[in-house]
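Undergrad: Handing over protein-v7.txt, compact mmCIF, C-alpha atoms.
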# COMPACT_ATOMS: atom_id res chain seq x y z
CA MET A 1 28.41 23.63 -10.94
CA THR A 2 29.98 21.27 -8.42
CA SER A 3 28.77 20.15 -5.04
CA ALA A 4 30.38 19.84 -1.64
CA PRO A 5 31.69 16.43 -0.59
CA THR A 6 28.97 14.02 0.46
CA SER A 7 31.17 11.62 2.43
CA SER A 8 31.78 11.53 6.15
CA PRO A 9 35.35 11.63 7.60
CA SER A 10 35.26 7.82 7.83
CA GLY A 11 34.77 7.59 4.05
CA ALA A 12 31.17 6.40 4.21
CA PRO A 13 28.54 8.47 2.39
CA ALA A 14 26.94 11.13 4.55
CA PRO A 15 23.25 10.52 5.35
CA LEU A 16 20.87 11.83 2.72
CA SER A 17 19.33 14.11 5.34
CA ARG A 18 22.65 16.01 5.45
CA ASN A 19 22.99 16.26 1.67
CA ARG A 20 22.03 19.88 1.01
CA ASP A 21 21.85 19.45 -2.77
CA PHE A 22 19.57 16.43 -2.52
CA ARG A 23 17.24 18.29 -0.16
CA TRP A 24 16.88 21.28 -2.50
CA LEU A 25 16.49 19.08 -5.57
CA THR A 26 13.82 16.93 -3.95
CA ALA A 27 11.89 19.92 -2.63
CA SER A 28 11.97 21.57 -6.05
CA SER A 29 10.73 18.44 -7.80
CA ALA A 30 7.97 17.86 -5.25
CA LEU A 31 6.71 21.44 -5.49
CA SER A 32 6.79 21.47 -9.29
CA LEU A 33 4.85 18.22 -9.52
CA LEU A 34 2.33 19.48 -6.96
CA GLY A 35 1.66 22.44 -9.23
CA ASP A 36 1.49 20.18 -12.28
CA GLN A 37 -1.46 18.35 -10.75
CA PHE A 38 -3.53 21.54 -10.81
CA SER A 39 -2.99 21.85 -14.56
CA LEU A 40 -3.51 18.11 -15.01
CA ILE A 41 -7.04 18.47 -13.64
CA ALA A 42 -7.72 21.95 -15.00
CA MET A 43 -6.77 21.36 -18.65
CA PRO A 44 -9.26 18.59 -19.55
CA TRP A 45 -11.97 20.25 -17.46
CA LEU A 46 -11.44 23.58 -19.21
CA VAL A 47 -11.80 21.96 -22.63
CA LEU A 48 -14.81 19.82 -21.71
CA GLN A 49 -16.65 22.67 -19.99
CA THR A 50 -15.90 25.08 -22.84
CA THR A 51 -16.55 22.84 -25.84
CA GLY A 52 -17.96 19.53 -24.55
CA ASP A 53 -16.05 17.88 -27.42
CA THR A 54 -13.64 15.01 -26.71
CA ARG A 55 -12.07 15.63 -30.13
CA VAL A 56 -10.95 19.09 -29.03
CA LEU A 57 -9.56 17.58 -25.85
CA GLY A 58 -7.70 15.04 -27.96
CA THR A 59 -6.27 17.84 -30.10
CA VAL A 60 -5.02 19.77 -27.05
CA LEU A 61 -3.37 16.64 -25.66
CA ALA A 62 -1.81 15.96 -29.05
CA LEU A 63 -0.36 19.47 -29.23
CA ILE A 64 1.32 18.87 -25.87
CA SER A 65 2.41 15.30 -26.48
CA VAL A 66 3.47 15.17 -30.14
CA PRO A 67 6.22 17.83 -29.89
CA ARG A 68 7.26 16.31 -26.58
CA ALA A 69 7.56 12.92 -28.25
CA VAL A 70 9.39 14.38 -31.26
CA PHE A 71 11.94 16.43 -29.31
CA ILE A 72 12.47 14.41 -26.13
CA LEU A 73 15.26 12.25 -27.62
CA ALA A 74 17.05 15.38 -28.81
CA GLY A 75 16.51 16.79 -25.33
CA GLY A 76 18.22 13.75 -23.82
CA ALA A 77 21.19 14.14 -26.17
CA ILE A 78 21.52 17.83 -25.25
CA VAL A 79 21.30 16.99 -21.54
CA ASP A 80 24.27 14.62 -21.98
CA ARG A 81 26.23 17.47 -23.61
CA HIS A 82 25.41 20.22 -21.11
CA SER A 83 24.38 20.65 -17.50
CA PRO A 84 21.03 18.93 -16.82
CA LEU A 85 20.55 21.32 -13.91
CA ARG A 86 20.77 24.44 -16.07
CA ILE A 87 18.44 22.95 -18.69
CA LEU A 88 15.86 21.97 -16.07
CA ARG A 89 15.95 25.40 -14.46
CA ALA A 90 15.49 27.15 -17.82
CA THR A 91 12.47 24.98 -18.72
CA ARG A 92 10.84 25.70 -15.36
CA TRP A 93 11.13 29.44 -15.88
CA LEU A 94 9.64 29.02 -19.36
CA ASN A 95 6.77 26.87 -18.10
CA ALA A 96 6.05 29.46 -15.40
CA ALA A 97 5.57 32.08 -18.10
CA LEU A 98 3.41 29.83 -20.29
CA THR A 99 1.05 28.68 -17.54
CA GLY A 100 0.90 32.23 -16.19
CA VAL A 101 -0.35 33.50 -19.55
CA LEU A 102 -2.90 30.67 -19.69
CA ALA A 103 -4.16 31.59 -16.21
CA MET A 104 -4.63 35.24 -17.20
CA LEU A 105 -6.54 34.30 -20.35
CA VAL A 106 -8.92 32.00 -18.45
CA LEU A 107 -9.50 34.48 -15.61
CA SER A 108 -10.03 37.48 -17.90
CA GLY A 109 -12.65 35.83 -20.10
CA PRO A 110 -13.26 32.85 -22.35
CA CYS A 111 -9.86 31.55 -23.43
CA PRO A 112 -9.61 31.60 -27.25
CA LEU A 113 -9.16 28.14 -28.67
CA TRP A 114 -6.22 29.24 -30.82
CA ALA A 115 -4.40 30.54 -27.72
CA LEU A 116 -5.00 27.27 -25.89
CA TYR A 117 -3.60 25.37 -28.87
CA ALA A 118 -0.52 27.64 -29.10
CA LEU A 119 0.27 27.45 -25.39
CA SER A 120 -0.20 23.67 -25.36
CA LEU A 121 2.30 23.36 -28.21
CA ALA A 122 4.86 25.52 -26.41
CA ILE A 123 4.46 23.57 -23.15
CA GLY A 124 5.01 20.32 -25.03
CA ILE A 125 8.27 21.55 -26.55
CA SER A 126 9.54 22.86 -23.21
CA THR A 127 8.86 19.64 -21.32
CA ALA A 128 10.71 17.63 -24.01
CA PHE A 129 13.91 19.12 -22.61
CA GLY A 130 12.90 19.32 -18.95
CA ILE A 131 11.95 15.67 -18.52
CA PRO A 132 15.31 14.04 -19.42
CA ALA A 133 17.10 16.74 -17.42
CA ALA A 134 15.00 16.07 -14.30
CA THR A 135 15.52 12.31 -14.45
CA SER A 136 19.30 12.60 -14.89
CA ILE A 137 20.23 14.77 -11.91
CA THR A 138 19.79 12.51 -8.87
CA PRO A 139 22.78 10.23 -9.70
CA ARG A 140 24.90 13.42 -9.77
CA VAL A 141 24.01 14.56 -6.24
CA VAL A 142 24.06 11.28 -4.26
CA GLU A 143 26.48 8.37 -3.97
CA PRO A 144 25.73 5.20 -6.03
CA SER A 145 25.03 3.19 -2.88
CA GLN A 146 22.37 5.73 -1.88
CA LEU A 147 20.58 5.88 -5.23
CA HIS A 148 17.75 3.45 -4.41
CA ALA A 149 17.03 5.22 -1.12
CA ALA A 150 17.25 8.64 -2.80
CA ASN A 151 14.83 7.57 -5.53
CA GLY A 152 12.45 6.20 -2.91
CA ILE A 153 12.50 9.43 -0.90
CA GLY A 154 12.33 11.73 -3.90
CA MET A 155 9.61 9.82 -5.70
CA GLY A 156 7.67 9.40 -2.47
CA LEU A 157 7.67 13.11 -1.65
CA ARG A 158 6.80 14.03 -5.21
CA GLN A 159 4.02 11.47 -5.13
CA LEU A 160 2.67 13.09 -1.97
CA GLY A 161 2.24 16.27 -3.99
CA MET A 162 0.59 14.26 -6.76
CA SER A 163 -1.88 12.91 -4.19
CA VAL A 164 -2.82 16.20 -2.59
CA GLY A 165 -2.78 18.32 -5.76
CA PRO A 166 -5.66 16.65 -7.64
CA LEU A 167 -7.86 16.74 -4.55
CA LEU A 168 -7.31 20.47 -4.08
CA ALA A 169 -7.64 21.18 -7.81
CA GLY A 170 -10.89 19.24 -8.06
CA LEU A 171 -12.41 21.18 -5.16
CA LEU A 172 -11.14 24.47 -6.58
CA ILE A 173 -12.61 23.87 -10.03
CA ALA A 174 -15.85 22.52 -8.58
CA GLY A 175 -16.65 25.97 -7.20
CA LEU A 176 -14.41 26.81 -4.25
CA GLY A 177 -12.40 29.32 -6.26
CA GLY A 178 -14.48 32.29 -5.19
CA ALA A 179 -16.41 32.85 -8.42
CA GLY A 180 -18.27 36.09 -8.81
CA VAL A 181 -21.78 36.50 -10.07
CA GLN A 182 -20.53 37.27 -13.57
CA ARG A 183 -18.18 34.28 -13.80
CA PRO A 184 -18.91 30.53 -13.76
CA ALA A 185 -17.36 28.87 -10.74
CA HIS A 186 -15.52 26.33 -12.85
CA ALA A 187 -13.88 29.09 -14.95
CA THR A 188 -12.60 30.97 -11.90
CA GLY A 189 -11.39 27.78 -10.26
CA THR A 190 -9.71 26.63 -13.46
CA GLY A 191 -7.89 29.95 -13.88
CA LEU A 192 -6.68 29.86 -10.29
CA ALA A 193 -5.46 26.27 -10.80
CA PHE A 194 -3.27 27.38 -13.72
CA ALA A 195 -2.04 30.36 -11.67
CA LEU A 196 -0.96 28.10 -8.81
CA ASP A 197 0.90 25.89 -11.27
CA ALA A 198 2.74 28.96 -12.61
CA LEU A 199 3.69 30.01 -9.07
CA SER A 200 5.01 26.53 -8.29
CA PHE A 201 7.29 26.72 -11.35
CA VAL A 202 8.71 30.04 -10.16
CA VAL A 203 9.55 28.78 -6.67
CA ALA A 204 10.84 25.44 -8.00
CA ALA A 205 13.20 27.25 -10.41
CA TRP A 206 14.53 29.37 -7.55
CA MET A 207 15.15 26.23 -5.48
CA LEU A 208 17.15 24.68 -8.31
CA GLY A 209 19.49 27.66 -8.10
CA ARG A 210 20.56 26.32 -4.69
CA VAL A 211 21.55 22.91 -6.08
CA ARG A 212 25.11 21.96 -7.08
CA ILE A 213 25.88 18.81 -9.06
CA ARG A 214 29.18 17.01 -9.45
CA PRO A 215 30.61 16.17 -12.87
CA ALA A 216 30.13 12.57 -13.99
CA ALA A 217 33.36 10.62 -13.47
CA GLY A 218 35.31 10.43 -16.72
CA GLN A 219 32.49 11.99 -18.72
CA THR A 220 33.15 14.24 -21.71
CA PRO A 221 30.46 15.78 -23.90
CA PRO A 222 29.48 13.44 -26.75
CA ALA A 223 31.30 14.24 -29.98
CA GLY A 224 29.56 14.87 -33.27
CA ALA A 225 26.07 15.99 -34.14
CA VAL A 226 23.06 15.66 -31.86
CA ALA A 227 21.59 13.12 -34.30
CA ARG A 228 24.66 10.93 -33.86
CA SER A 229 24.32 11.15 -30.09
CA ILE A 230 20.68 10.09 -30.36
CA ARG A 231 21.64 7.12 -32.54
CA GLU A 232 24.27 6.08 -30.00
CA GLY A 233 21.72 6.13 -27.19
CA LEU A 234 19.17 4.19 -29.23
CA ALA A 235 21.81 1.64 -30.27
CA HIS A 236 22.80 1.04 -26.64
CA ALA A 237 19.19 0.46 -25.59
CA TRP A 238 18.57 -1.84 -28.56
CA HIS A 239 21.64 -4.03 -27.98
CA ASP A 240 20.86 -4.40 -24.27
CA ARG A 241 18.25 -7.15 -24.65
CA PRO A 242 16.57 -6.85 -21.21
CA LEU A 243 16.40 -3.07 -21.59
CA ARG A 244 15.07 -3.35 -25.15
CA THR A 245 12.40 -5.86 -24.13
CA CYS A 246 11.20 -3.69 -21.26
CA PHE A 247 11.04 -0.57 -23.42
CA LEU A 248 9.04 -2.37 -26.12
CA TYR A 249 6.67 -3.82 -23.51
CA TRP A 250 6.12 -0.45 -21.83
CA GLY A 251 5.64 1.22 -25.20
CA LEU A 252 2.89 -1.23 -26.09
CA LEU A 253 1.12 -0.63 -22.78
CA SER A 254 1.43 3.16 -23.13
CA VAL A 255 -0.39 3.06 -26.46
CA LEU A 256 -3.02 0.43 -25.66
CA VAL A 257 -3.70 0.94 -21.94
CA MET A 258 -2.30 3.97 -20.15
CA GLY A 259 -2.90 6.50 -22.92
CA PRO A 260 -6.58 5.66 -23.38
CA MET A 261 -7.13 5.74 -19.61
CA GLN A 262 -5.67 9.23 -19.41
CA ILE A 263 -8.63 10.65 -21.32
CA ALA A 264 -11.29 8.08 -20.45
CA LEU A 265 -11.26 8.97 -16.73
CA PRO A 266 -12.09 12.70 -17.05
CA VAL A 267 -14.69 11.92 -19.72
CA LEU A 268 -16.30 9.34 -17.42
CA ALA A 269 -16.40 11.85 -14.54
CA HIS A 270 -17.76 14.60 -16.77
CA ASP A 271 -20.51 12.49 -18.35
CA ARG A 272 -21.94 11.01 -15.13
CA PRO A 273 -24.00 13.47 -13.04
CA GLN A 274 -23.17 11.66 -9.80
CA LEU A 275 -19.45 12.31 -10.33
CA GLY A 276 -18.06 15.63 -11.67
CA ALA A 277 -14.88 17.70 -11.29
CA ALA A 278 -14.48 17.08 -7.55
CA ALA A 279 -14.88 13.33 -8.07
CA PHE A 280 -12.32 13.40 -10.88
CA GLY A 281 -9.83 15.13 -8.60
CA ILE A 282 -10.57 12.69 -5.77
CA LEU A 283 -10.03 9.65 -8.01
CA VAL A 284 -6.72 10.98 -9.30
CA GLY A 285 -5.71 11.95 -5.77
CA VAL A 286 -6.57 8.53 -4.35
CA HIS A 287 -4.51 6.94 -7.11
CA GLY A 288 -1.63 9.20 -6.09
CA ALA A 289 -2.05 8.30 -2.42
CA GLY A 290 -2.01 4.62 -3.32
CA THR A 291 1.15 5.15 -5.36
CA LEU A 292 2.76 6.92 -2.39
CA ALA A 293 1.87 4.01 -0.11
CA GLY A 294 3.34 1.59 -2.64
CA MET A 295 6.57 3.57 -2.80
CA ALA A 296 6.77 3.63 0.98
CA LEU A 297 6.33 -0.14 1.02
CA ALA A 298 9.08 -0.51 -1.59
CA GLY A 299 11.40 1.64 0.51
CA ALA A 300 10.66 -0.30 3.68
CA LEU A 301 10.96 -3.71 1.97
CA PRO A 302 13.39 -3.19 -0.95
CA ARG A 303 13.99 -6.94 -1.35
CA LEU A 304 10.33 -7.96 -1.35
CA ARG A 305 9.96 -9.79 -4.64
CA LEU A 306 7.87 -12.52 -6.20
CA VAL A 307 10.89 -14.58 -7.37
CA ASN A 308 12.65 -11.51 -8.85
CA LEU A 309 12.04 -7.99 -10.15
CA GLY A 310 10.72 -9.10 -13.55
CA THR A 311 8.24 -11.64 -12.25
CA THR A 312 7.04 -9.12 -9.67
CA LEU A 313 6.47 -6.52 -12.41
CA LEU A 314 4.44 -8.84 -14.62
CA ALA A 315 2.35 -10.16 -11.73
CA VAL A 316 1.59 -6.60 -10.63
CA ASP A 317 0.56 -5.64 -14.18
CA ALA A 318 -1.84 -8.58 -14.40
CA VAL A 319 -3.55 -7.62 -11.13
CA VAL A 320 -3.70 -3.96 -12.17
CA GLY A 321 -5.46 -5.02 -15.37
CA LEU A 322 -8.12 -6.79 -13.29
CA LEU A 323 -8.64 -3.59 -11.28
CA ILE A 324 -8.88 -1.35 -14.36
CA ALA A 325 -11.53 -3.41 -16.17
CA PRO A 326 -14.49 -2.56 -13.84
CA LEU A 327 -13.66 1.17 -13.56
CA GLY A 328 -16.11 2.04 -16.31
CA GLY A 329 -19.00 0.63 -14.28
CA ILE A 330 -18.60 2.72 -11.14
CA SER A 331 -21.59 4.72 -9.90
CA ALA A 332 -20.03 6.26 -6.78
CA VAL A 333 -16.72 7.89 -5.89
CA TRP A 334 -15.88 5.29 -3.23
CA GLN A 335 -16.04 2.50 -5.79
CA GLY A 336 -13.61 4.25 -8.12
CA GLY A 337 -11.45 5.17 -5.13
CA LEU A 338 -10.98 1.55 -4.11
CA LEU A 339 -10.01 0.54 -7.63
CA MET A 340 -7.74 3.52 -8.31
CA GLY A 341 -6.12 3.21 -4.90
CA GLY A 342 -5.29 -0.43 -5.59
CA VAL A 343 -3.85 0.44 -9.01
CA GLY A 344 -1.69 3.15 -7.43
CA LEU A 345 -0.48 0.93 -4.58
CA LEU A 346 0.74 -1.82 -6.89
CA GLY A 347 2.22 0.58 -9.44
CA GLY A 348 4.07 2.58 -6.80
CA PHE A 349 5.61 -0.56 -5.35
CA VAL A 350 7.34 -1.50 -8.61
CA GLN A 351 8.19 2.04 -9.77
CA VAL A 352 11.10 2.63 -7.40
CA GLY A 353 12.78 -0.66 -8.28
CA LEU A 354 12.35 -0.17 -12.04
CA PHE A 355 13.61 3.41 -11.98
CA THR A 356 16.69 2.41 -9.99
CA TRP A 357 17.23 -0.63 -12.25
CA ILE A 358 17.53 1.63 -15.30
CA GLN A 359 19.71 4.24 -13.60
CA GLN A 360 22.15 1.61 -12.35
CA ARG A 361 22.19 -0.48 -15.50
CA VAL A 362 23.06 2.34 -17.91
CA PRO A 363 26.51 3.99 -18.07
CA THR A 364 26.45 7.57 -16.79
CA ARG A 365 27.51 9.04 -20.13
CA LEU A 366 24.34 7.59 -21.73
CA LEU A 367 21.96 8.24 -18.87
CA GLY A 368 20.35 11.39 -20.29
CA ARG A 369 19.58 9.73 -23.61
CA THR A 370 18.36 6.49 -22.03
CA MET A 371 16.10 8.30 -19.57
CA ALA A 372 14.80 10.41 -22.45
CA LEU A 373 13.86 7.22 -24.28
CA PHE A 374 12.23 5.87 -21.13
CA MET A 375 10.23 9.06 -20.63
CA PHE A 376 9.42 9.19 -24.36
CA ILE A 377 7.45 6.00 -23.83
CA PHE A 378 5.39 7.36 -20.96
CA MET A 379 5.37 11.12 -21.60
CA GLY A 380 5.43 10.94 -25.41
CA LEU A 381 3.58 7.88 -26.64
CA GLN A 382 1.03 7.82 -23.83
CA PRO A 383 -0.48 11.29 -24.45
CA VAL A 384 -0.45 10.69 -28.21
CA ALA A 385 -2.55 7.59 -27.59
CA ALA A 386 -4.79 9.64 -25.29
CA ALA A 387 -5.29 12.19 -28.03
CA ALA A 388 -6.32 9.48 -30.49
CA THR A 389 -8.69 8.10 -27.87
CA GLY A 390 -10.53 11.44 -27.84
CA TRP A 391 -11.74 10.60 -31.35
CA LEU A 392 -12.36 6.94 -30.50
CA LEU A 393 -14.69 7.94 -27.66
CA GLN A 394 -17.07 9.43 -30.20
CA ALA A 395 -18.07 5.83 -30.98
CA LEU A 396 -16.96 3.77 -27.96
CA PRO A 397 -18.43 4.41 -24.47
CA PRO A 398 -15.76 5.02 -21.77
CA GLY A 399 -17.10 2.12 -19.69
CA ARG A 400 -16.35 -0.35 -22.45
CA LEU A 401 -12.94 1.23 -23.05
CA PHE A 402 -11.91 0.48 -19.46
CA MET A 403 -12.83 -3.17 -19.94
CA VAL A 404 -10.74 -3.37 -23.13
CA CYS A 405 -7.76 -1.68 -21.45
CA GLY A 406 -7.87 -4.00 -18.44
CA ALA A 407 -8.10 -7.14 -20.57
CA THR A 408 -5.25 -5.91 -22.78
CA LEU A 409 -2.97 -5.39 -19.77
CA VAL A 410 -3.66 -8.88 -18.40
CA LEU A 411 -3.01 -10.45 -21.80
CA ALA A 412 0.19 -8.45 -22.39
CA ALA A 413 1.60 -9.45 -18.99
CA ALA A 414 0.82 -13.11 -19.65
CA ILE A 415 2.48 -13.06 -23.09
CA ALA A 416 5.54 -11.25 -21.71
CA ALA A 417 5.89 -13.84 -18.95
CA VAL A 418 5.88 -16.71 -21.43
CA ALA A 419 7.63 -15.29 -24.49
CA THR A 420 10.18 -12.71 -23.24
CA PRO A 421 13.14 -12.61 -20.82
CA MET A 422 11.35 -10.09 -18.60
CA ARG A 423 10.43 -12.73 -16.03
CA ARG A 424 14.18 -13.23 -15.38
CA MET A 425 14.99 -9.56 -14.63
CA GLU A 426 17.06 -9.16 -11.47
CA ASP A 427 17.73 -6.05 -9.41
CA VAL A 428 21.07 -4.44 -10.30
CA ARG A 429 23.26 -4.45 -7.22
CA ARG A 430 25.95 -2.09 -8.51
CA PRO A 431 26.05 0.59 -11.23
CA LEU A 432 27.98 0.24 -14.46
CA PRO A 433 30.94 2.62 -14.98
Could you spell out this file's structure in structure tokens?

TA:
Amino acid sequence: MTSAPTSSPSGAPAPLSRNRDFRWLTASSALSLLGDQFSLIAMPWLVLQTTGDTRVLGTVLALISVPRAVFILAGGAIVDRHSPLRILRATRWLNAALTGVLAMLVLSGPCPLWALYALSLAIGISTAFGIPAATSITPRVVEPSQLHAANGIGMGLRQLGMSVGPLLAGLLIAGLGGAGVQRPAHATGTGLAFALDALSFVVAAWMLGRVRIRPAAGQTPPAGAVARSIREGLAHAWHDRPLRTCFLYWGLLSVLVMGPMQIALPVLAHDRPQLGAAAFGILVGVHGAGTLAGMALAGALPRLRLVNLGTTLLAVDAVVGLLIAPLGGISAVWQGGLLMGGVGLLGGFVQVGLFTWIQQRVPTRLLGRTMALFMFIFMGLQPVAAAATGWLLQALPPGRLFMVCGATLVLAAAIAAVATPMRRMEDVRRPLP
């Protein structure tokens, strides 16, 4: 599928507000991610309310994350061979069916554990192909000079959905779902949360049908087997020293910091009577709102840096570590909100620059595979670490885990600043061919 010209008669790129394909793509992504937040809150709450066992929660997360981690690199290679738009649309239709089945099972009665395991596995496989497709489309619908602004707008609007979604999901699961006398409120609210996610996938897939992408200049499908294409993408990332260093650094943090936090936060909210499902949703929502504010700041001040992009990233990580450490000691929602909001604000500020840095640094023909590797770190390794943490929490209190995660992030940022070239990373001003 090809798009209409995006340049004005004078030769300058048309404003993004007039780019029909960018508008449909952004709206689809924002809606899909809004729906995802309902499942993000509903899934751990369903497991904890049904079984009360963090090991079961870890197993469910593993069934989603392990196949996603295993297949995401193959998904990136396939995206580089075919249309990322068609692949993304197909995965959204599939996810609509899977989450719809899950909603019906929860609403009709206790969801069998085997069914939850099977659906989690299928969702993990589907997202392994959808993630690299979603992160490869924007450079094919906007001009290179507009990529930073497009990422800022798209990520900001999607983040808005990620801020509102957890708040609504937390309230829904807490008892505003209209439970009957025969049904626990949390079960009805959880089922409705999955149903809303399924509906968002349906509408988002329809929106993608309105998008047209242009072919990458000079791009031909990679020759040879998919395995060879994967090796080519890995070799490019490995030989690009700044890219390799960043990927290794982010991989370490995904395993030691972000993954454990993914499961520690719902467990903390579940175990403390003064918190609960609504508080969990509020904390995740406040984090999302902080991220949105950080992205808005990055869009308004794209050149705001502490020396350069790399130094800014490491300084932000060190401060975020200091905010994470006391999370385990909160006794009220407002305390966690202040900390999570600060974490989101700082993280959102650097996200736009880092995302654009990768997209502009990597040749277009390798973008699907490189973005698959990037998302493998955060969407593959991170949930695997979260799943392992479910077993670790049988012996380690969540409050102490937050302290360990915060200290680890501060230490990792300090070591990276001294011993790696990350502190010298500069913003890429023009894309590679």

Undergrad: Suppose you want the space between CA of Ile173 in chain A and CA of Ala205 in chain A; what is it in Å?

TA: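 Spanning CA of Ile173 in chain A to CA of Ala205 in chain A is a straight-line distance of 26.0 Å.
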
Undergrad: Please tell me which residues are no farther than 12 Å from (7.3, 27.1, -10.1) in the file, counting all atoms listed in the file, and write them as a ChimeraX atom specification.

TA: /A:27-36,88-100,194-208

Undergrad: Please, what distance in Å, to one decimal, runs between CA of Val60 in chain A and CA of Ala388 in chain A?

TA: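 A separation of 10.9 Å between them.
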
Undergrad: Show me, as a list in words, the residues that have an atom within 9 Å of Val70 in chain A when counting all atoms listed in the file, minus same-chain residues fewer than 2 positions from it.

TA: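 What passes the distance filter is Ser65, Val66, Pro67, Arg68, Ile72, Leu73, Ala74, Ile125, Ala128, Phe376 and Gly380 of chain A.
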
Undergrad: Set the distance at 6 Å and use all atoms listed in the file: which residues neighbour range 129-143 of chain A once local chain neighbours fewer than 6 positions away are removed? I'd like the list as a list in words.

TA: Gly75, Gly76, Val79, Pro84, Leu88, Thr91, Ile213, Arg214, Gly368, Met371 and Ala372 of chain A

Undergrad: Quick one: residues within 9 Å of Trp250 in chain A, all atoms listed in the file, excluding same-chain residues fewer than 4 positions away - as an MDAnalysis selection string?

TA: chainID A and resid 245:246 254:255 374 377:378

Undergrad: Interatomic distance between CA of Phe38 in chain A and CA of Arg158 in chain A?

TA: 13.9 Å

Undergrad: Determine, counting all atoms listed in the file, which protein, DNA and RNA residues have an atom within 10 Å of an atom of Pro242 in chain A; residues of the same chain fewer than 5 positions away are not included. Present the result as an mmCIF file with C-alpha atoms, in the frame of the given file.

TA:
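After the write, result36.cif holds the following:
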data_model
loop_
_atom_site.group_PDB
_atom_site.id
_atom_site.type_symbol
_atom_site.label_atom_id
_atom_site.label_comp_id
_atom_site.auth_asym_id
_atom_site.auth_seq_id
_atom_site.Cartn_x
_atom_site.Cartn_y
_atom_site.Cartn_z
ATOM 1 C CA ALA A 237 19.190 0.460 -25.590
ATOM 2 C CA PHE A 247 11.040 -0.570 -23.420
ATOM 3 C CA GLY A 310 10.720 -9.100 -13.550
ATOM 4 C CA THR A 420 10.180 -12.710 -23.240
ATOM 5 C CA PRO A 421 13.140 -12.610 -20.820
ATOM 6 C CA MET A 422 11.350 -10.090 -18.600
ATOM 7 C CA ARG A 423 10.430 -12.730 -16.030
ATOM 8 C CA ARG A 424 14.180 -13.230 -15.380
ATOM 9 C CA MET A 425 14.990 -9.560 -14.630
#

Undergrad: Neighbours of Gln37 in chain A within 9 Å (only C-alpha atoms; same-chain residues fewer than 6 positions away dropped), as a PyMOL selection string?

TA: chain A and resi 161-166+169+193+197

Undergrad: Hey, which of A:Gly353, A:Gly341, A:Gly52, A:Gly191 ends up closest to Arg305 in chain A? Count all atoms listed in the file.

TA: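 The closest residue to Arg305 in chain A is A:Gly353.
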